[in-house]
$ cat start29.cif   # mmCIF, C-alpha atoms
data_coords
#
loop_
_atom_site.group_PDB
_atom_site.id
_atom_site.type_symbol
_atom_site.label_atom_id
_atom_site.label_comp_id
_atom_site.auth_asym_id
_atom_site.auth_seq_id
_atom_site.Cartn_x
_atom_site.Cartn_y
_atom_site.Cartn_z
ATOM 1 C CA MET A 1 0.513 -27.864 -9.534
ATOM 2 C CA LYS A 2 1.783 -28.041 -5.923
ATOM 3 C CA ILE A 3 0.718 -25.163 -3.645
ATOM 4 C CA ARG A 4 3.270 -24.368 -0.918
ATOM 5 C CA THR A 5 0.746 -23.083 1.619
ATOM 6 C CA GLU A 6 3.054 -22.460 4.585
ATOM 7 C CA GLU A 7 5.555 -20.557 2.467
ATOM 8 C CA ALA A 8 2.711 -18.585 0.900
ATOM 9 C CA LYS A 9 1.417 -17.546 4.342
ATOM 10 C CA GLU A 10 4.835 -16.180 5.291
ATOM 11 C CA ARG A 11 4.730 -13.880 2.279
ATOM 12 C CA LEU A 12 1.422 -12.244 3.179
ATOM 13 C CA ILE A 13 1.594 -9.017 5.233
ATOM 14 C CA PHE A 14 -1.668 -7.730 6.697
ATOM 15 C CA ALA A 15 -2.012 -3.945 7.047
ATOM 16 C CA LEU A 16 -3.163 -3.386 10.619
ATOM 17 C CA ASP A 17 -4.141 0.292 10.289
ATOM 18 C CA MET A 18 -7.699 0.657 11.465
ATOM 19 C CA GLY A 19 -9.870 1.385 14.456
ATOM 20 C CA GLU A 20 -9.774 3.766 17.388
ATOM 21 C CA ASP A 21 -9.546 1.038 20.015
ATOM 22 C CA LEU A 22 -6.363 -0.936 20.589
ATOM 23 C CA GLU A 23 -8.122 -4.034 21.844
ATOM 24 C CA LYS A 24 -10.396 -4.183 18.793
ATOM 25 C CA THR A 25 -7.386 -3.687 16.529
ATOM 26 C CA LEU A 26 -5.578 -6.536 18.259
ATOM 27 C CA GLU A 27 -8.566 -8.781 17.610
ATOM 28 C CA TRP A 28 -7.384 -8.788 13.995
ATOM 29 C CA VAL A 29 -4.057 -10.206 15.154
ATOM 30 C CA ASP A 30 -5.863 -13.004 16.991
ATOM 31 C CA ARG A 31 -8.103 -13.618 13.970
ATOM 32 C CA LEU A 32 -5.311 -13.779 11.391
ATOM 33 C CA ASN A 33 -2.214 -14.845 13.335
ATOM 34 C CA ASN A 34 -2.090 -18.281 11.709
ATOM 35 C CA ARG A 35 -3.033 -16.981 8.283
ATOM 36 C CA VAL A 36 -0.452 -14.252 7.583
ATOM 37 C CA GLY A 37 3.294 -13.843 7.991
ATOM 38 C CA LEU A 38 3.545 -10.290 9.348
ATOM 39 C CA PHE A 39 1.354 -7.477 10.606
ATOM 40 C CA LYS A 40 2.071 -4.046 9.176
ATOM 41 C CA VAL A 41 1.912 -1.217 11.705
ATOM 42 C CA GLY A 42 1.858 2.067 9.823
ATOM 43 C CA LYS A 43 1.516 5.737 10.689
ATOM 44 C CA GLU A 44 -2.186 5.467 11.559
ATOM 45 C CA ALA A 45 -1.800 2.736 14.160
ATOM 46 C CA PHE A 46 1.582 3.839 15.511
ATOM 47 C CA THR A 47 0.509 7.461 15.949
ATOM 48 C CA ARG A 48 -2.670 6.376 17.715
ATOM 49 C CA PHE A 49 -1.328 3.558 19.893
ATOM 50 C CA GLY A 50 2.440 4.098 20.025
ATOM 51 C CA PRO A 51 5.035 1.373 20.662
ATOM 52 C CA GLU A 52 2.509 -0.534 22.773
ATOM 53 C CA ILE A 53 0.843 -1.959 19.684
ATOM 54 C CA VAL A 54 4.141 -3.466 18.559
ATOM 55 C CA HIS A 55 4.729 -5.014 21.971
ATOM 56 C CA ARG A 56 1.185 -6.396 22.116
ATOM 57 C CA ILE A 57 1.458 -7.981 18.655
ATOM 58 C CA ARG A 58 4.748 -9.587 19.584
ATOM 59 C CA ASP A 59 3.284 -10.834 22.874
ATOM 60 C CA ARG A 60 0.712 -12.686 20.744
ATOM 61 C CA GLY A 61 3.451 -14.301 18.691
ATOM 62 C CA GLY A 62 3.029 -12.007 15.693
ATOM 63 C CA ARG A 63 5.836 -10.520 13.617
ATOM 64 C CA VAL A 64 5.766 -6.787 12.847
ATOM 65 C CA PHE A 65 6.555 -4.747 9.742
ATOM 66 C CA LEU A 66 6.983 -1.185 11.054
ATOM 67 C CA ASP A 67 5.864 0.949 8.127
ATOM 68 C CA LEU A 68 6.828 4.498 9.192
ATOM 69 C CA LYS A 69 8.828 5.389 6.073
ATOM 70 C CA PHE A 70 11.622 7.240 7.860
ATOM 71 C CA HIS A 71 12.761 10.259 5.823
ATOM 72 C CA ASP A 72 15.029 12.831 7.454
ATOM 73 C CA ILE A 73 18.681 13.769 7.777
ATOM 74 C CA PRO A 74 20.977 10.726 8.060
ATOM 75 C CA ASN A 75 21.680 11.006 11.793
ATOM 76 C CA THR A 76 17.987 11.286 12.681
ATOM 77 C CA VAL A 77 17.046 8.264 10.584
ATOM 78 C CA ALA A 78 19.950 6.275 12.038
ATOM 79 C CA ARG A 79 18.618 6.919 15.548
ATOM 80 C CA ALA A 80 15.115 5.944 14.407
ATOM 81 C CA ALA A 81 16.554 2.721 12.984
ATOM 82 C CA GLU A 82 18.102 1.939 16.361
ATOM 83 C CA GLY A 83 14.695 2.444 17.962
ATOM 84 C CA ALA A 84 13.040 0.104 15.477
ATOM 85 C CA VAL A 85 15.551 -2.629 16.289
ATOM 86 C CA ARG A 86 14.965 -2.174 20.023
ATOM 87 C CA LEU A 87 11.216 -2.532 19.452
ATOM 88 C CA GLY A 88 11.880 -6.018 18.107
ATOM 89 C CA VAL A 89 10.291 -5.534 14.697
ATOM 90 C CA ALA A 90 11.074 -8.023 11.952
ATOM 91 C CA MET A 91 10.970 -5.438 9.163
ATOM 92 C CA PHE A 92 10.940 -1.650 8.797
ATOM 93 C CA ASN A 93 11.354 0.907 6.048
ATOM 94 C CA LEU A 94 12.676 4.307 5.072
ATOM 95 C CA HIS A 95 12.367 6.507 1.992
ATOM 96 C CA ALA A 96 14.910 5.949 -0.766
ATOM 97 C CA LEU A 97 14.565 9.626 -1.673
ATOM 98 C CA GLY A 98 16.353 10.404 1.586
ATOM 99 C CA GLY A 99 19.520 9.474 -0.278
ATOM 100 C CA ARG A 100 22.301 6.925 -0.195
ATOM 101 C CA ASP A 101 24.065 8.341 2.875
ATOM 102 C CA MET A 102 20.853 8.234 4.901
ATOM 103 C CA MET A 103 20.330 4.576 3.964
ATOM 104 C CA VAL A 104 23.941 3.612 4.686
ATOM 105 C CA GLN A 105 23.902 5.222 8.129
ATOM 106 C CA ALA A 106 20.526 3.710 9.028
ATOM 107 C CA LEU A 107 21.710 0.235 8.048
ATOM 108 C CA ALA A 108 24.951 0.601 10.017
ATOM 109 C CA ALA A 109 23.075 1.794 13.097
ATOM 110 C CA ALA A 110 20.558 -1.046 12.875
ATOM 111 C CA ARG A 111 23.263 -3.670 12.489
ATOM 112 C CA LYS A 112 25.247 -2.339 15.443
ATOM 113 C CA THR A 113 22.182 -2.159 17.683
ATOM 114 C CA ALA A 114 21.121 -5.678 16.721
ATOM 115 C CA GLY A 115 24.643 -7.005 17.255
ATOM 116 C CA ASP A 116 24.905 -5.391 20.691
ATOM 117 C CA ALA A 117 21.540 -6.900 21.652
ATOM 118 C CA GLY A 118 22.341 -10.310 20.186
ATOM 119 C CA VAL A 119 19.294 -10.285 17.902
ATOM 120 C CA PRO A 120 18.956 -10.553 14.107
ATOM 121 C CA THR A 121 19.024 -7.328 12.103
ATOM 122 C CA PRO A 122 15.523 -6.612 10.778
ATOM 123 C CA VAL A 123 14.792 -6.589 7.076
ATOM 124 C CA ILE A 124 15.262 -2.949 6.063
ATOM 125 C CA LEU A 125 13.427 -1.729 2.990
ATOM 126 C CA ALA A 126 13.639 1.436 0.932
ATOM 127 C CA VAL A 127 10.334 2.906 -0.221
ATOM 128 C CA THR A 128 10.543 3.889 -3.890
ATOM 129 C CA VAL A 129 7.419 5.560 -5.354
ATOM 130 C CA LEU A 130 4.083 5.417 -3.545
ATOM 131 C CA THR A 131 1.473 3.326 -5.336
ATOM 132 C CA SER A 132 -0.923 6.286 -5.248
ATOM 133 C CA LEU A 133 1.326 8.313 -7.612
ATOM 134 C CA SER A 134 0.926 8.297 -11.392
ATOM 135 C CA THR A 135 3.098 9.786 -14.144
ATOM 136 C CA GLY A 136 0.962 12.920 -14.019
ATOM 137 C CA ASP A 137 1.451 13.226 -10.275
ATOM 138 C CA LEU A 138 5.234 12.978 -10.665
ATOM 139 C CA LYS A 139 5.229 15.621 -13.396
ATOM 140 C CA GLY A 140 3.285 17.892 -11.083
ATOM 141 C CA LEU A 141 6.083 17.456 -8.541
ATOM 142 C CA GLY A 142 8.739 18.332 -11.112
ATOM 143 C CA PHE A 143 9.915 14.826 -12.021
ATOM 144 C CA GLN A 144 10.435 14.374 -15.755
ATOM 145 C CA ILE A 145 10.406 10.614 -15.476
ATOM 146 C CA SER A 146 7.830 7.845 -15.320
ATOM 147 C CA PRO A 147 7.088 5.993 -12.047
ATOM 148 C CA ASP A 148 8.585 2.814 -13.550
ATOM 149 C CA ASP A 149 11.905 4.459 -14.384
ATOM 150 C CA LEU A 150 12.129 6.331 -11.083
ATOM 151 C CA VAL A 151 11.423 3.141 -9.120
ATOM 152 C CA VAL A 152 14.268 1.312 -10.863
ATOM 153 C CA LYS A 153 16.694 4.212 -10.301
ATOM 154 C CA LEU A 154 15.842 4.315 -6.598
ATOM 155 C CA ALA A 155 16.054 0.524 -6.311
ATOM 156 C CA ARG A 156 19.584 0.586 -7.747
ATOM 157 C CA VAL A 157 20.610 3.247 -5.210
ATOM 158 C CA ALA A 158 19.046 1.247 -2.372
ATOM 159 C CA ARG A 159 20.838 -1.916 -3.445
ATOM 160 C CA ALA A 160 24.164 -0.073 -3.624
ATOM 161 C CA ALA A 161 23.546 1.275 -0.114
ATOM 162 C CA GLY A 162 23.069 -2.267 1.213
ATOM 163 C CA MET A 163 19.312 -2.248 1.785
ATOM 164 C CA SER A 164 17.561 -5.616 2.071
ATOM 165 C CA GLY A 165 15.154 -4.603 -0.650
ATOM 166 C CA VAL A 166 12.509 -2.089 -1.662
ATOM 167 C CA VAL A 167 8.822 -1.350 -1.444
ATOM 168 C CA ALA A 168 7.370 -0.878 -4.922
ATOM 169 C CA SER A 169 4.137 -1.426 -6.789
ATOM 170 C CA PRO A 170 3.604 -4.849 -8.387
ATOM 171 C CA ARG A 171 3.875 -3.266 -11.823
ATOM 172 C CA GLU A 172 7.604 -2.558 -11.323
ATOM 173 C CA VAL A 173 8.693 -5.887 -9.871
ATOM 174 C CA SER A 174 10.008 -7.388 -13.114
ATOM 175 C CA ALA A 175 12.091 -4.293 -13.883
ATOM 176 C CA ILE A 176 13.530 -4.267 -10.364
ATOM 177 C CA ARG A 177 14.434 -7.931 -10.688
ATOM 178 C CA ALA A 178 16.243 -7.251 -13.966
ATOM 179 C CA ALA A 179 18.131 -4.313 -12.453
ATOM 180 C CA CYS A 180 18.904 -5.625 -8.968
ATOM 181 C CA GLY A 181 18.937 -9.419 -9.153
ATOM 182 C CA LYS A 182 16.987 -12.247 -7.580
ATOM 183 C CA ASP A 183 18.309 -11.847 -4.021
ATOM 184 C CA PHE A 184 17.054 -8.273 -3.594
ATOM 185 C CA LEU A 185 13.706 -8.308 -1.782
ATOM 186 C CA VAL A 186 10.635 -6.656 -3.260
ATOM 187 C CA VAL A 187 7.610 -5.949 -1.068
ATOM 188 C CA THR A 188 4.511 -4.866 -2.941
ATOM 189 C CA PRO A 189 1.480 -2.965 -1.684
ATOM 190 C CA GLY A 190 -1.274 -2.085 -4.139
ATOM 191 C CA ILE A 191 -2.594 -5.645 -4.121
ATOM 192 C CA ARG A 192 -6.217 -6.141 -5.080
ATOM 193 C CA LEU A 193 -8.300 -9.144 -5.971
ATOM 194 C CA GLY A 194 -9.321 -9.263 -9.622
ATOM 195 C CA ASP A 195 -12.742 -7.644 -9.145
ATOM 196 C CA GLU A 196 -11.517 -4.815 -6.902
ATOM 197 C CA ALA A 197 -8.911 -2.913 -8.926
ATOM 198 C CA GLY A 198 -9.612 0.766 -9.370
ATOM 199 C CA GLN A 199 -12.021 1.108 -6.434
ATOM 200 C CA ASP A 200 -9.748 3.192 -4.173
ATOM 201 C CA ASP A 201 -6.734 5.553 -4.170
ATOM 202 C CA GLN A 202 -4.208 2.912 -5.258
ATOM 203 C CA LYS A 203 -3.339 3.493 -8.926
ATOM 204 C CA ARG A 204 -0.604 0.966 -9.741
ATOM 205 C CA VAL A 205 -2.088 -2.340 -8.598
ATOM 206 C CA ASP A 206 -2.133 -6.037 -9.439
ATOM 207 C CA THR A 207 -3.466 -9.367 -8.166
ATOM 208 C CA PRO A 208 -1.598 -11.538 -5.625
ATOM 209 C CA ARG A 209 -0.878 -14.258 -8.166
ATOM 210 C CA GLU A 210 0.517 -11.854 -10.758
ATOM 211 C CA ALA A 211 2.648 -10.047 -8.182
ATOM 212 C CA LEU A 212 4.292 -13.286 -7.025
ATOM 213 C CA ARG A 213 4.613 -14.621 -10.569
ATOM 214 C CA ASN A 214 6.456 -11.435 -11.546
ATOM 215 C CA GLY A 215 8.915 -11.836 -8.683
ATOM 216 C CA ALA A 216 7.506 -10.134 -5.577
ATOM 217 C CA ASP A 217 8.731 -11.635 -2.297
ATOM 218 C CA TYR A 218 5.993 -10.267 -0.036
ATOM 219 C CA ILE A 219 2.657 -8.589 -0.637
ATOM 220 C CA VAL A 220 0.870 -6.137 1.657
ATOM 221 C CA VAL A 221 -2.904 -6.477 1.830
ATOM 222 C CA GLY A 222 -5.346 -4.438 3.889
ATOM 223 C CA ARG A 223 -8.788 -3.579 2.585
ATOM 224 C CA PRO A 224 -9.402 -6.760 0.538
ATOM 225 C CA ILE A 225 -9.185 -8.709 3.810
ATOM 226 C CA ARG A 226 -10.481 -6.134 6.266
ATOM 227 C CA LEU A 227 -13.622 -5.256 4.293
ATOM 228 C CA ALA A 228 -14.447 -8.818 3.261
ATOM 229 C CA ARG A 229 -17.600 -10.464 4.578
ATOM 230 C CA ASP A 230 -15.389 -13.283 5.857
ATOM 231 C CA PRO A 231 -11.874 -11.856 6.460
ATOM 232 C CA ALA A 232 -10.340 -15.225 7.347
ATOM 233 C CA ALA A 233 -11.640 -16.755 4.121
ATOM 234 C CA ALA A 234 -10.352 -13.753 2.163
ATOM 235 C CA ALA A 235 -6.895 -14.210 3.693
ATOM 236 C CA ASP A 236 -6.968 -17.899 2.795
ATOM 237 C CA ARG A 237 -7.964 -17.022 -0.777
ATOM 238 C CA ILE A 238 -5.034 -14.624 -1.066
ATOM 239 C CA VAL A 239 -2.644 -17.207 0.374
ATOM 240 C CA ARG A 240 -3.837 -19.640 -2.278
ATOM 241 C CA GLU A 241 -3.206 -17.036 -4.995
ATOM 242 C CA ILE A 242 0.274 -16.427 -3.591
ATOM 243 C CA GLY A 243 0.865 -20.164 -3.726
ATOM 244 C CA LEU A 244 -0.258 -20.278 -7.341
ATOM 245 C CA GLY A 245 2.073 -17.413 -8.171
ATOM 246 C CA LEU A 246 4.978 -19.266 -6.563
ATOM 247 C CA ALA A 247 4.072 -22.425 -8.458
ATOM 248 C CA ASP A 248 3.895 -20.485 -11.733
ATOM 249 C CA LYS A 249 7.588 -19.658 -11.362
ATOM 250 C CA GLN A 250 8.694 -23.287 -10.940
#

$ encode --input "start29.cif" --output "structure tokens"
Amino acid sequence: MKIRTEEAKERLIFALDMGEDLEKTLEWVDRLNNRVGLFKVGKEAFTRFGPEIVHRIRDRGGRVFLDLKFHDIPNTVARAAEGAVRLGVAMFNLHALGGRDMMVQALAAARKTAGDAGVPTPVILAVTVLTSLSTGDLKGLGFQISPDDLVVKLARVARAAGMSGVVASPREVSAIRAACGKDFLVVTPGIRLGDEAGQDDQKRVDTPREALRNGADYIVVGRPIRLARDPAAAADRIVREIGLGLADKQ
């Protein structure tokens, strides 16, 4: 079985949401820059450090997934999309529940801004259902539908709106593939190593190998690397699992 290590590294996104000190946070970029494909900057890091953290990651040669999950009226999200492009991020996301028009306008704004600047349009993802939500949680919110079915419905809407792909738990990847085809990207958080599932607030989880075998394009990993005794070794282990998952599909 041939492991495609370099390709596997590109598919690993490290969640860079930790710490109260920017310099200490950036040490993780230096530590993992040759071991992962992108660094995810979410609400925690962006609220604390602002756009500077994106600039500092890019100055180090890192690629950024801006995980702010834009969700507002279409015009507001379109302007936010323009800002994300100007920041130079490689990937960003918005909530599919904001609706088709919101997604269409955000995509159009991002493409125009990128074209005017002469840079590639970032990968733009639609967030479907958070991995912390179960069927019971959705019922409590008034949804008479399972997470699996809602994810697929939202993925279809996102695909029709022209999104690059979606963010969904690894448990829904196969269904999204069946509904949206092989060229529609799926990014999966909720990744845990085999002995870690069920130890935190993520409810719909899977291992790196299974996620890639089932058709995920990228996986987002935070705590399994960050809390490991040897984070670099943990990242390498996950890259190997990603490689095995890719090989399983051959």

$ atom_distance --input "start29.cif" --atom1 "CA of Thr121 (chain A)" --atom2 "CA of Glu52 (chain A)"
20.8 Å

$ atom_distance --input "start29.cif" --atom1 "CA of Val187 (chain A)" --atom2 "CA of Val166 (chain A)"
6.3 Å

$ resolve_selection --input "start29.cif" --expression "the PyMOL selection byres ((chain A and resi 90-99) around 10)" --output "ChimeraX atom specification"
/A:38-42,62-74,77,80-81,84-85,87-89,100-104,106,120-129,151,153-158,161,163-167

$ closest_residue --input "start29.cif" --among "A:Arg48, A:Arg213, A:Arg79, A:Arg192" --to "Leu227 (chain A)" --atoms "only C-alpha atoms"
A:Arg192

$ closest_residue --input "start29.cif" --among "A:Leu244, A:Gly162, A:Val36, A:Pro51" --to "Leu12 (chain A)" --atoms "all atoms listed in the file"
A:Val36

$ resolve_selection --input "start29.cif" --expression "the PyMOL selection byres ((chain A and resi 242) around 8)" --output "mmCIF file with C-alpha atoms, keeping the file's coordinate frame"
data_model
loop_
_atom_site.group_PDB
_atom_site.id
_atom_site.type_symbol
_atom_site.label_atom_id
_atom_site.label_comp_id
_atom_site.auth_asym_id
_atom_site.auth_seq_id
_atom_site.Cartn_x
_atom_site.Cartn_y
_atom_site.Cartn_z
ATOM 1 C CA ALA A 8 2.711 -18.585 0.900
ATOM 2 C CA ARG A 11 4.730 -13.880 2.279
ATOM 3 C CA PRO A 208 -1.598 -11.538 -5.625
ATOM 4 C CA ARG A 209 -0.878 -14.258 -8.166
ATOM 5 C CA LEU A 212 4.292 -13.286 -7.025
ATOM 6 C CA ILE A 238 -5.034 -14.624 -1.066
ATOM 7 C CA VAL A 239 -2.644 -17.207 0.374
ATOM 8 C CA ARG A 240 -3.837 -19.640 -2.278
ATOM 9 C CA GLU A 241 -3.206 -17.036 -4.995
ATOM 10 C CA GLY A 243 0.865 -20.164 -3.726
ATOM 11 C CA LEU A 244 -0.258 -20.278 -7.341
ATOM 12 C CA GLY A 245 2.073 -17.413 -8.171
ATOM 13 C CA LEU A 246 4.978 -19.266 -6.563
#

$ residues_around --input "start29.cif" --residues "region 30-35 of chain A" --least-positions-apart "4" --cutoff "10 Å" --atoms "all atoms listed in the file" --output "MDAnalysis selection string"
chainID A and resid 5:6 8:10 12:14 25:26 39 57 60:63 225 231:233 235:236 238:239

$ write_last_selection --input "start29.cif" --atoms "C-alpha atoms" --output "short mmCIF file (atom, residue, chain, number, x, y, z; two decimals), in the coordinates of the input"
data_model
loop_
_atom_site.label_atom_id
_atom_site.label_comp_id
_atom_site.auth_asym_id
_atom_site.auth_seq_id
_atom_site.Cartn_x
_atom_site.Cartn_y
_atom_site.Cartn_z
CA THR A 5 0.75 -23.08 1.62
CA GLU A 6 3.05 -22.46 4.58
CA ALA A 8 2.71 -18.58 0.90
CA LYS A 9 1.42 -17.55 4.34
CA GLU A 10 4.84 -16.18 5.29
CA LEU A 12 1.42 -12.24 3.18
CA ILE A 13 1.59 -9.02 5.23
CA PHE A 14 -1.67 -7.73 6.70
CA THR A 25 -7.39 -3.69 16.53
CA LEU A 26 -5.58 -6.54 18.26
CA PHE A 39 1.35 -7.48 10.61
CA ILE A 57 1.46 -7.98 18.66
CA ARG A 60 0.71 -12.69 20.74
CA GLY A 61 3.45 -14.30 18.69
CA GLY A 62 3.03 -12.01 15.69
CA ARG A 63 5.84 -10.52 13.62
CA ILE A 225 -9.18 -8.71 3.81
CA PRO A 231 -11.87 -11.86 6.46
CA ALA A 232 -10.34 -15.22 7.35
CA ALA A 233 -11.64 -16.76 4.12
CA ALA A 235 -6.90 -14.21 3.69
CA ASP A 236 -6.97 -17.90 2.80
CA ILE A 238 -5.03 -14.62 -1.07
CA VAL A 239 -2.64 -17.21 0.37
#

$ atom_distance --input "start29.cif" --atom1 "CA of Ala168 (chain A)" --atom2 "CA of Thr188 (chain A)"
5.3 Å

$ resolve_selection --input "start29.cif" --expression "the PyMOL selection byres ((chain A and resi 177) around 12)" --output "VMD selection string"
chain A and resid 151 to 152 155 to 156 159 165 to 166 168 170 to 176 178 to 187 213 to 217

$ write_last_selection --input "start29.cif" --atoms "C-alpha atoms" --output "PDB file, in the frame of the given file"
ATOM      1  CA  VAL A 151      11.423   3.141  -9.120  1.00  0.00           C
ATOM      2  CA  VAL A 152      14.268   1.312 -10.863  1.00  0.00           C
ATOM      3  CA  ALA A 155      16.054   0.524  -6.311  1.00  0.00           C
ATOM      4  CA  ARG A 156      19.584   0.586  -7.747  1.00  0.00           C
ATOM      5  CA  ARG A 159      20.838  -1.916  -3.445  1.00  0.00           C
ATOM      6  CA  GLY A 165      15.154  -4.603  -0.650  1.00  0.00           C
ATOM      7  CA  VAL A 166      12.509  -2.089  -1.662  1.00  0.00           C
ATOM      8  CA  ALA A 168       7.370  -0.878  -4.922  1.00  0.00           C
ATOM      9  CA  PRO A 170       3.604  -4.849  -8.387  1.00  0.00           C
ATOM     10  CA  ARG A 171       3.875  -3.266 -11.823  1.00  0.00           C
ATOM     11  CA  GLU A 172       7.604  -2.558 -11.323  1.00  0.00           C
ATOM     12  CA  VAL A 173       8.693  -5.887  -9.871  1.00  0.00           C
ATOM     13  CA  SER A 174      10.008  -7.388 -13.114  1.00  0.00           C
ATOM     14  CA  ALA A 175      12.091  -4.293 -13.883  1.00  0.00           C
ATOM     15  CA  ILE A 176      13.530  -4.267 -10.364  1.00  0.00           C
ATOM     16  CA  ALA A 178      16.243  -7.251 -13.966  1.00  0.00           C
ATOM     17  CA  ALA A 179      18.131  -4.313 -12.453  1.00  0.00           C
ATOM     18  CA  CYS A 180      18.904  -5.625  -8.968  1.00  0.00           C
ATOM     19  CA  GLY A 181      18.937  -9.419  -9.153  1.00  0.00           C
ATOM     20  CA  LYS A 182      16.987 -12.247  -7.580  1.00  0.00           C
ATOM     21  CA  ASP A 183      18.309 -11.847  -4.021  1.00  0.00           C
ATOM     22  CA  PHE A 184      17.054  -8.273  -3.594  1.00  0.00           C
ATOM     23  CA  LEU A 185      13.706  -8.308  -1.782  1.00  0.00           C
ATOM     24  CA  VAL A 186      10.635  -6.656  -3.260  1.00  0.00           C
ATOM     25  CA  VAL A 187       7.610  -5.949  -1.068  1.00  0.00           C
ATOM     26  CA  ARG A 213       4.613 -14.621 -10.569  1.00  0.00           C
ATOM     27  CA  ASN A 214       6.456 -11.435 -11.546  1.00  0.00           C
ATOM     28  CA  GLY A 215       8.915 -11.836  -8.683  1.00  0.00           C
ATOM     29  CA  ALA A 216       7.506 -10.134  -5.577  1.00  0.00           C
ATOM     30  CA  ASP A 217       8.731 -11.635  -2.297  1.00  0.00           C
TER      31      ASP A 217
END
